[in-house]
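Remarks on the structure that follows.
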Amino acid sequence: MKNFTWTHKVRGYAAGGFALAVMMAGANPVSAMEITAEAAYTGEVWRNVSGGVTQGTRYLDNVDLALTGEFQAFGADATIYIHGIHNNEETLSDIVGDAQVVSNIDNTDMYRVLEAWYEQQIPVWNASVKVGLYDLNSEFDAIDTAGLFLNSSHGIGIDFAQTGLNGPSIFPSTSLAARVEWAPSEQLTLRGAILDAVPNDPGDPNRMKIDLSDGALLVGEVNYVTDNDVRLGAGVWSYTKAFDLLVPTATETRSHSDVGIYAFADAVLYREPGSEGQGLTGFLRAGMADEDMN
């Protein structure tokens with residue numbers, strides 16, 4: 001795997017595409033904006049040498065382009081973020097026949113806006129609100145140590161990733177959402193979100209679609225960081241609409257809302273003396289979804 005990243009910062013002012021933030025601020029002035037532009041290219045060469053559906057070689061790639069605008073609004077920090085992606089048409093899953101996608105950038109050929117949101121800090125409550133096109137896994141069920149691995153189920157548990165009619169709002173299909181986060185102390189963080197239950201169009205993976213009649217996905221998570229650098233997290237999620245049962249019964253073909261839970265621990269196991277960033281970390285994760293629908 002090869003990854004290239006480029007970052008550049010410039011100074012600018014809230015205007016044009018940032019008019020929403022200006023309107024929200026009303027009479028309050030919006031400060032000069034610092035804009036960060038980022039570009040990253042990831043390429044992977046894979047070969048299935050034995051087993052699976054067939055043997056073969058695949059080259060997967062992923063292009064990320066992102067703009068982050070940081071400024072002051074309502075007398076507090078505010079952020080606007082736009083993130084677009086492109087993937088080539090090759091896929092590894094068709095020759096491997098995997099149940100859990102081997103590579104976390106495996107996707108069909110597409111250009112897509114993955115995220116486009118506005119976040120407002122609320123210092124008096126030590127809280128923030130985020131609204132827009134949102135990647136659920138950027139904050140929920142996100143484990144730092146697990147992010148080092150390529151397998152997609154280390155990004156978000158398979159018990160959560162395979163739910164819904166088109167998955168939850170994660171790469172490569174995201175949906176509109178509103179997220180609230182509150183940190184009552186330095187160690188404790190609580191967050192909750194409501195999202196469109198069906199990102200884009202399940203029948204046409206390349207089509208971007210917003211349809212708020214599909215019901216909602218509700219997610220809540222609590223995080224606690226101990227004094228010895230262990231991060232503990234637990235979450236619960238639920239869809240508001242019913243789903244077809246995998247195995248219908250004589251009296252029932254539809255279920256009640258789909259509900260699941262997950263929990264994880266992410267810990268520093270060893271820290272190299274005299275170094276903040278060097279050492280050994282490890283994680284554990286467990287999750288459960290309703291087996292009648294998933």
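As shown in the structure tokens, the chain order sets the letters A, B, ...; within each chain, residues go from 1, and ligands are also counted from 1 in the order they appear.
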
As number ranges by chain, please: the residues near Ser185 of chain A (cut-off 12 Å, only C-alpha atoms, same-chain neighbours under 5 positions excluded).
A: 125-127, 190, 223-226

Resulting file, chosen residues, all heavy atoms, as a JSON list (two decimals), in the first residue's frame:
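The result, stored in result10.json:
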```json
[["chain", "number", "residue", "atom", "x", "y", "z"],
["A", 125, "TRP", "N", -21.52, 25.30, 27.49],
["A", 125, "TRP", "CA", -21.92, 23.93, 27.86],
["A", 125, "TRP", "C", -20.84, 22.90, 27.59],
["A", 125, "TRP", "O", -21.06, 21.71, 27.79],
["A", 125, "TRP", "CB", -23.21, 23.53, 27.12],
["A", 125, "TRP", "CG", -24.40, 24.35, 27.48],
["A", 125, "TRP", "CD1", -24.63, 25.01, 28.66],
["A", 125, "TRP", "CD2", -25.54, 24.59, 26.64],
["A", 125, "TRP", "NE1", -25.84, 25.65, 28.61],
["A", 125, "TRP", "CE2", -26.43, 25.42, 27.39],
["A", 125, "TRP", "CE3", -25.90, 24.21, 25.37],
["A", 125, "TRP", "CZ2", -27.65, 25.85, 26.89],
["A", 125, "TRP", "CZ3", -27.12, 24.64, 24.86],
["A", 125, "TRP", "CH2", -27.98, 25.45, 25.61],
["A", 126, "ASN", "N", -19.70, 23.36, 27.07],
["A", 126, "ASN", "CA", -18.64, 22.45, 26.64],
["A", 126, "ASN", "C", -19.19, 21.41, 25.67],
["A", 126, "ASN", "O", -18.98, 20.20, 25.82],
["A", 126, "ASN", "CB", -17.98, 21.77, 27.84],
["A", 126, "ASN", "CG", -16.58, 21.27, 27.52],
["A", 126, "ASN", "OD1", -15.93, 21.77, 26.60],
["A", 126, "ASN", "ND2", -16.11, 20.29, 28.26],
["A", 127, "ALA", "N", -19.92, 21.92, 24.67],
["A", 127, "ALA", "CA", -20.63, 21.05, 23.73],
["A", 127, "ALA", "C", -20.43, 21.56, 22.31],
["A", 127, "ALA", "O", -19.85, 22.62, 22.07],
["A", 127, "ALA", "CB", -22.12, 21.01, 24.07],
["A", 190, "LEU", "N", -20.11, 12.43, 25.79],
["A", 190, "LEU", "CA", -21.35, 11.80, 25.33],
["A", 190, "LEU", "C", -21.74, 12.43, 24.00],
["A", 190, "LEU", "O", -21.64, 13.65, 23.83],
["A", 190, "LEU", "CB", -22.48, 11.99, 26.34],
["A", 190, "LEU", "CG", -22.27, 11.39, 27.73],
["A", 190, "LEU", "CD1", -21.71, 12.45, 28.67],
["A", 190, "LEU", "CD2", -23.57, 10.84, 28.29],
["A", 223, "ASN", "N", -18.08, 7.84, 25.91],
["A", 223, "ASN", "CA", -16.65, 7.55, 25.96],
["A", 223, "ASN", "C", -16.08, 8.01, 27.30],
["A", 223, "ASN", "O", -16.42, 9.10, 27.78],
["A", 223, "ASN", "CB", -15.91, 8.31, 24.84],
["A", 223, "ASN", "CG", -15.98, 7.58, 23.51],
["A", 223, "ASN", "OD1", -14.98, 7.06, 23.03],
["A", 223, "ASN", "ND2", -17.15, 7.53, 22.92],
["A", 224, "TYR", "N", -15.20, 7.18, 27.86],
["A", 224, "TYR", "CA", -14.54, 7.55, 29.12],
["A", 224, "TYR", "C", -13.06, 7.20, 29.02],
["A", 224, "TYR", "O", -12.70, 6.08, 28.63],
["A", 224, "TYR", "CB", -15.16, 6.80, 30.30],
["A", 224, "TYR", "CG", -14.58, 7.20, 31.64],
["A", 224, "TYR", "CD1", -14.96, 8.37, 32.27],
["A", 224, "TYR", "CD2", -13.61, 6.40, 32.25],
["A", 224, "TYR", "CE1", -14.42, 8.75, 33.49],
["A", 224, "TYR", "CE2", -13.06, 6.77, 33.47],
["A", 224, "TYR", "CZ", -13.47, 7.95, 34.08],
["A", 224, "TYR", "OH", -12.93, 8.32, 35.28],
["A", 225, "VAL", "N", -12.20, 8.16, 29.32],
["A", 225, "VAL", "CA", -10.75, 7.96, 29.28],
["A", 225, "VAL", "C", -10.24, 7.91, 30.71],
["A", 225, "VAL", "O", -10.41, 8.86, 31.48],
["A", 225, "VAL", "CB", -10.05, 9.08, 28.50],
["A", 225, "VAL", "CG1", -8.54, 8.84, 28.47],
["A", 225, "VAL", "CG2", -10.59, 9.17, 27.08],
["A", 226, "THR", "N", -9.61, 6.80, 31.08],
["A", 226, "THR", "CA", -9.12, 6.63, 32.44],
["A", 226, "THR", "C", -7.80, 7.37, 32.63],
["A", 226, "THR", "O", -7.19, 7.86, 31.68],
["A", 226, "THR", "CB", -8.91, 5.14, 32.76],
["A", 226, "THR", "OG1", -7.81, 4.64, 31.97],
["A", 226, "THR", "CG2", -10.16, 4.33, 32.44]]
```

List the neighbours of segment 167-176 of chain A out to 9 Å using only C-alpha atoms; skip same-chain residues closer than 3 positions along the sequence, and give me the result as a PyMOL selection string.
chain A and resi 85+104-105+107+112-115+117+131-138+156+160-164+194-201+205+208-210+212+217

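The interatomic distance for the pair atom CA of Ala178 of chain A and atom CA of Gln120 of chain A works out to 11.6 Å.
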
At what distance in Å, to one decimal, does atom CA of Gly203 of chain A lie from atom CA of Leu65 of chain A?
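Rounded to one decimal, the two atoms are 26.3 Å apart.
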
Min atom-atom distance to Met288 of chain A from the set A:Gly235, A:Gly192, A:Gly215, A:Gly274, counting only C-alpha atoms, belongs to A:Gly235

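Nearest residue to Ile261 of chain A, choosing from A:Val230, A:Val219, A:Ala40, A:Leu150 and counting only C-alpha atoms: A:Val219.
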
Please identify all polymer residues within 6 Å of Leu218 of chain A, counting only C-alpha atoms, omitting same-chain residues fewer than 4 positions from it, and present them as an MDAnalysis selection string.
chainID A and resid 193:194 237:238

Selection export as a PDB file, in the first residue's frame, atoms kept: N, CA, C and O atoms:
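Contents of selection.pdb, as written:
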```
ATOM      1  N   ALA A 193     -26.700  11.149  17.657  1.00  0.00           N
ATOM      2  CA  ALA A 193     -26.944  11.606  16.289  1.00  0.00           C
ATOM      3  C   ALA A 193     -28.232  11.008  15.753  1.00  0.00           C
ATOM      4  O   ALA A 193     -28.635   9.907  16.147  1.00  0.00           O
ATOM      5  N   ILE A 194     -28.865  11.751  14.860  1.00  0.00           N
ATOM      6  CA  ILE A 194     -29.993  11.252  14.087  1.00  0.00           C
ATOM      7  C   ILE A 194     -29.637  11.391  12.621  1.00  0.00           C
ATOM      8  O   ILE A 194     -29.164  12.446  12.188  1.00  0.00           O
ATOM      9  N   TRP A 237     -27.648   1.699  18.903  1.00  0.00           N
ATOM     10  CA  TRP A 237     -28.234   2.263  17.694  1.00  0.00           C
ATOM     11  C   TRP A 237     -29.584   1.614  17.417  1.00  0.00           C
ATOM     12  O   TRP A 237     -29.857   0.482  17.852  1.00  0.00           O
ATOM     13  N   SER A 238     -30.439   2.329  16.690  1.00  0.00           N
ATOM     14  CA  SER A 238     -31.771   1.803  16.381  1.00  0.00           C
ATOM     15  C   SER A 238     -32.315   2.478  15.135  1.00  0.00           C
ATOM     16  O   SER A 238     -32.165   3.693  14.958  1.00  0.00           O
TER      17      SER A 238
END
```

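Closest approach to Ser103 of chain A among A:Gly75, A:Gly155, A:Pro123, A:Gly69: A:Gly155, based on only C-alpha atoms.
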
From the list A:Asp144, A:Glu89, A:Asp109, A:Glu181, which residue is nearest Leu232 of chain A when using only C-alpha atoms?
A:Asp144

Using DSSP assignments from the backbone, pull out every residue in segment 91-262 of chain A that falls under strand (DSSP E) and give it to me as a ChimeraX atom specification.
/A:110-122,127-134,175-182,188-196,216-225,230-244,254-262

Taking the chain letters and numbering used in this document, name the residues of segment 96-159 of chain A that DSSP puts in helix (DSSP H, G or I), as JSON, numbers by chain.
{"A": [96, 123, 124, 125, 136, 137, 138, 146, 147, 148, 152, 153, 154, 158, 159]}

Quick one: distance from atom CA of Val101 of chain A to atom CA of Asp290 of chain A in Å, one decimal?
20.8 Å

Using only C-alpha atoms for the distances, tell me which of A:Thr249, A:Thr108, A:Thr68, A:Thr54 is nearest to Ile95 of chain A.
A:Thr54

Quick one: residues within 7 Å of Phe264 of chain A, only C-alpha atoms counted, chain neighbours fewer than 2 positions away excluded, as a compact mmCIF listing (two decimals) with all heavy atoms, in the first residue's frame?
```txt
# COMPACT_ATOMS: atom_id res chain seq x y z
N LEU A 232 -12.53 3.83 27.04
CA LEU A 232 -13.64 2.89 27.07
C LEU A 232 -14.84 3.53 26.38
O LEU A 232 -15.14 4.70 26.61
CB LEU A 232 -14.00 2.53 28.50
CG LEU A 232 -12.87 1.96 29.37
CD1 LEU A 232 -13.34 1.81 30.81
CD2 LEU A 232 -12.40 0.62 28.81
N GLY A 233 -15.51 2.77 25.52
CA GLY A 233 -16.66 3.30 24.80
C GLY A 233 -17.77 2.29 24.69
O GLY A 233 -17.53 1.07 24.66
N ALA A 234 -18.99 2.77 24.64
CA ALA A 234 -20.16 1.91 24.45
C ALA A 234 -21.21 2.68 23.69
O ALA A 234 -21.38 3.89 23.90
CB ALA A 234 -20.71 1.43 25.78
N ASP A 266 -9.70 0.77 24.13
CA ASP A 266 -8.51 1.12 23.36
C ASP A 266 -7.47 1.60 24.36
O ASP A 266 -7.68 2.61 25.04
CB ASP A 266 -8.85 2.21 22.34
CG ASP A 266 -7.74 2.44 21.33
OD1 ASP A 266 -6.78 1.64 21.29
OD2 ASP A 266 -7.83 3.42 20.57
N LEU A 284 -9.91 -3.97 22.08
CA LEU A 284 -10.91 -5.04 22.07
C LEU A 284 -12.24 -4.42 21.70
O LEU A 284 -12.54 -3.29 22.11
CB LEU A 284 -11.04 -5.70 23.45
CG LEU A 284 -9.86 -6.53 23.95
CD1 LEU A 284 -10.08 -6.91 25.41
CD2 LEU A 284 -9.70 -7.79 23.09
N ARG A 285 -13.05 -5.13 20.90
CA ARG A 285 -14.37 -4.64 20.52
C ARG A 285 -15.36 -5.79 20.47
O ARG A 285 -15.01 -6.89 20.04
CB ARG A 285 -14.35 -3.93 19.17
CG ARG A 285 -15.69 -3.30 18.80
CD ARG A 285 -15.81 -2.99 17.32
NE ARG A 285 -17.11 -2.43 17.01
CZ ARG A 285 -18.22 -3.14 16.83
NH1 ARG A 285 -18.19 -4.47 16.93
NH2 ARG A 285 -19.37 -2.55 16.56
N ALA A 286 -16.57 -5.53 20.89
CA ALA A 286 -17.65 -6.51 20.78
C ALA A 286 -18.92 -5.79 20.37
O ALA A 286 -19.14 -4.63 20.74
CB ALA A 286 -17.87 -7.24 22.11
```
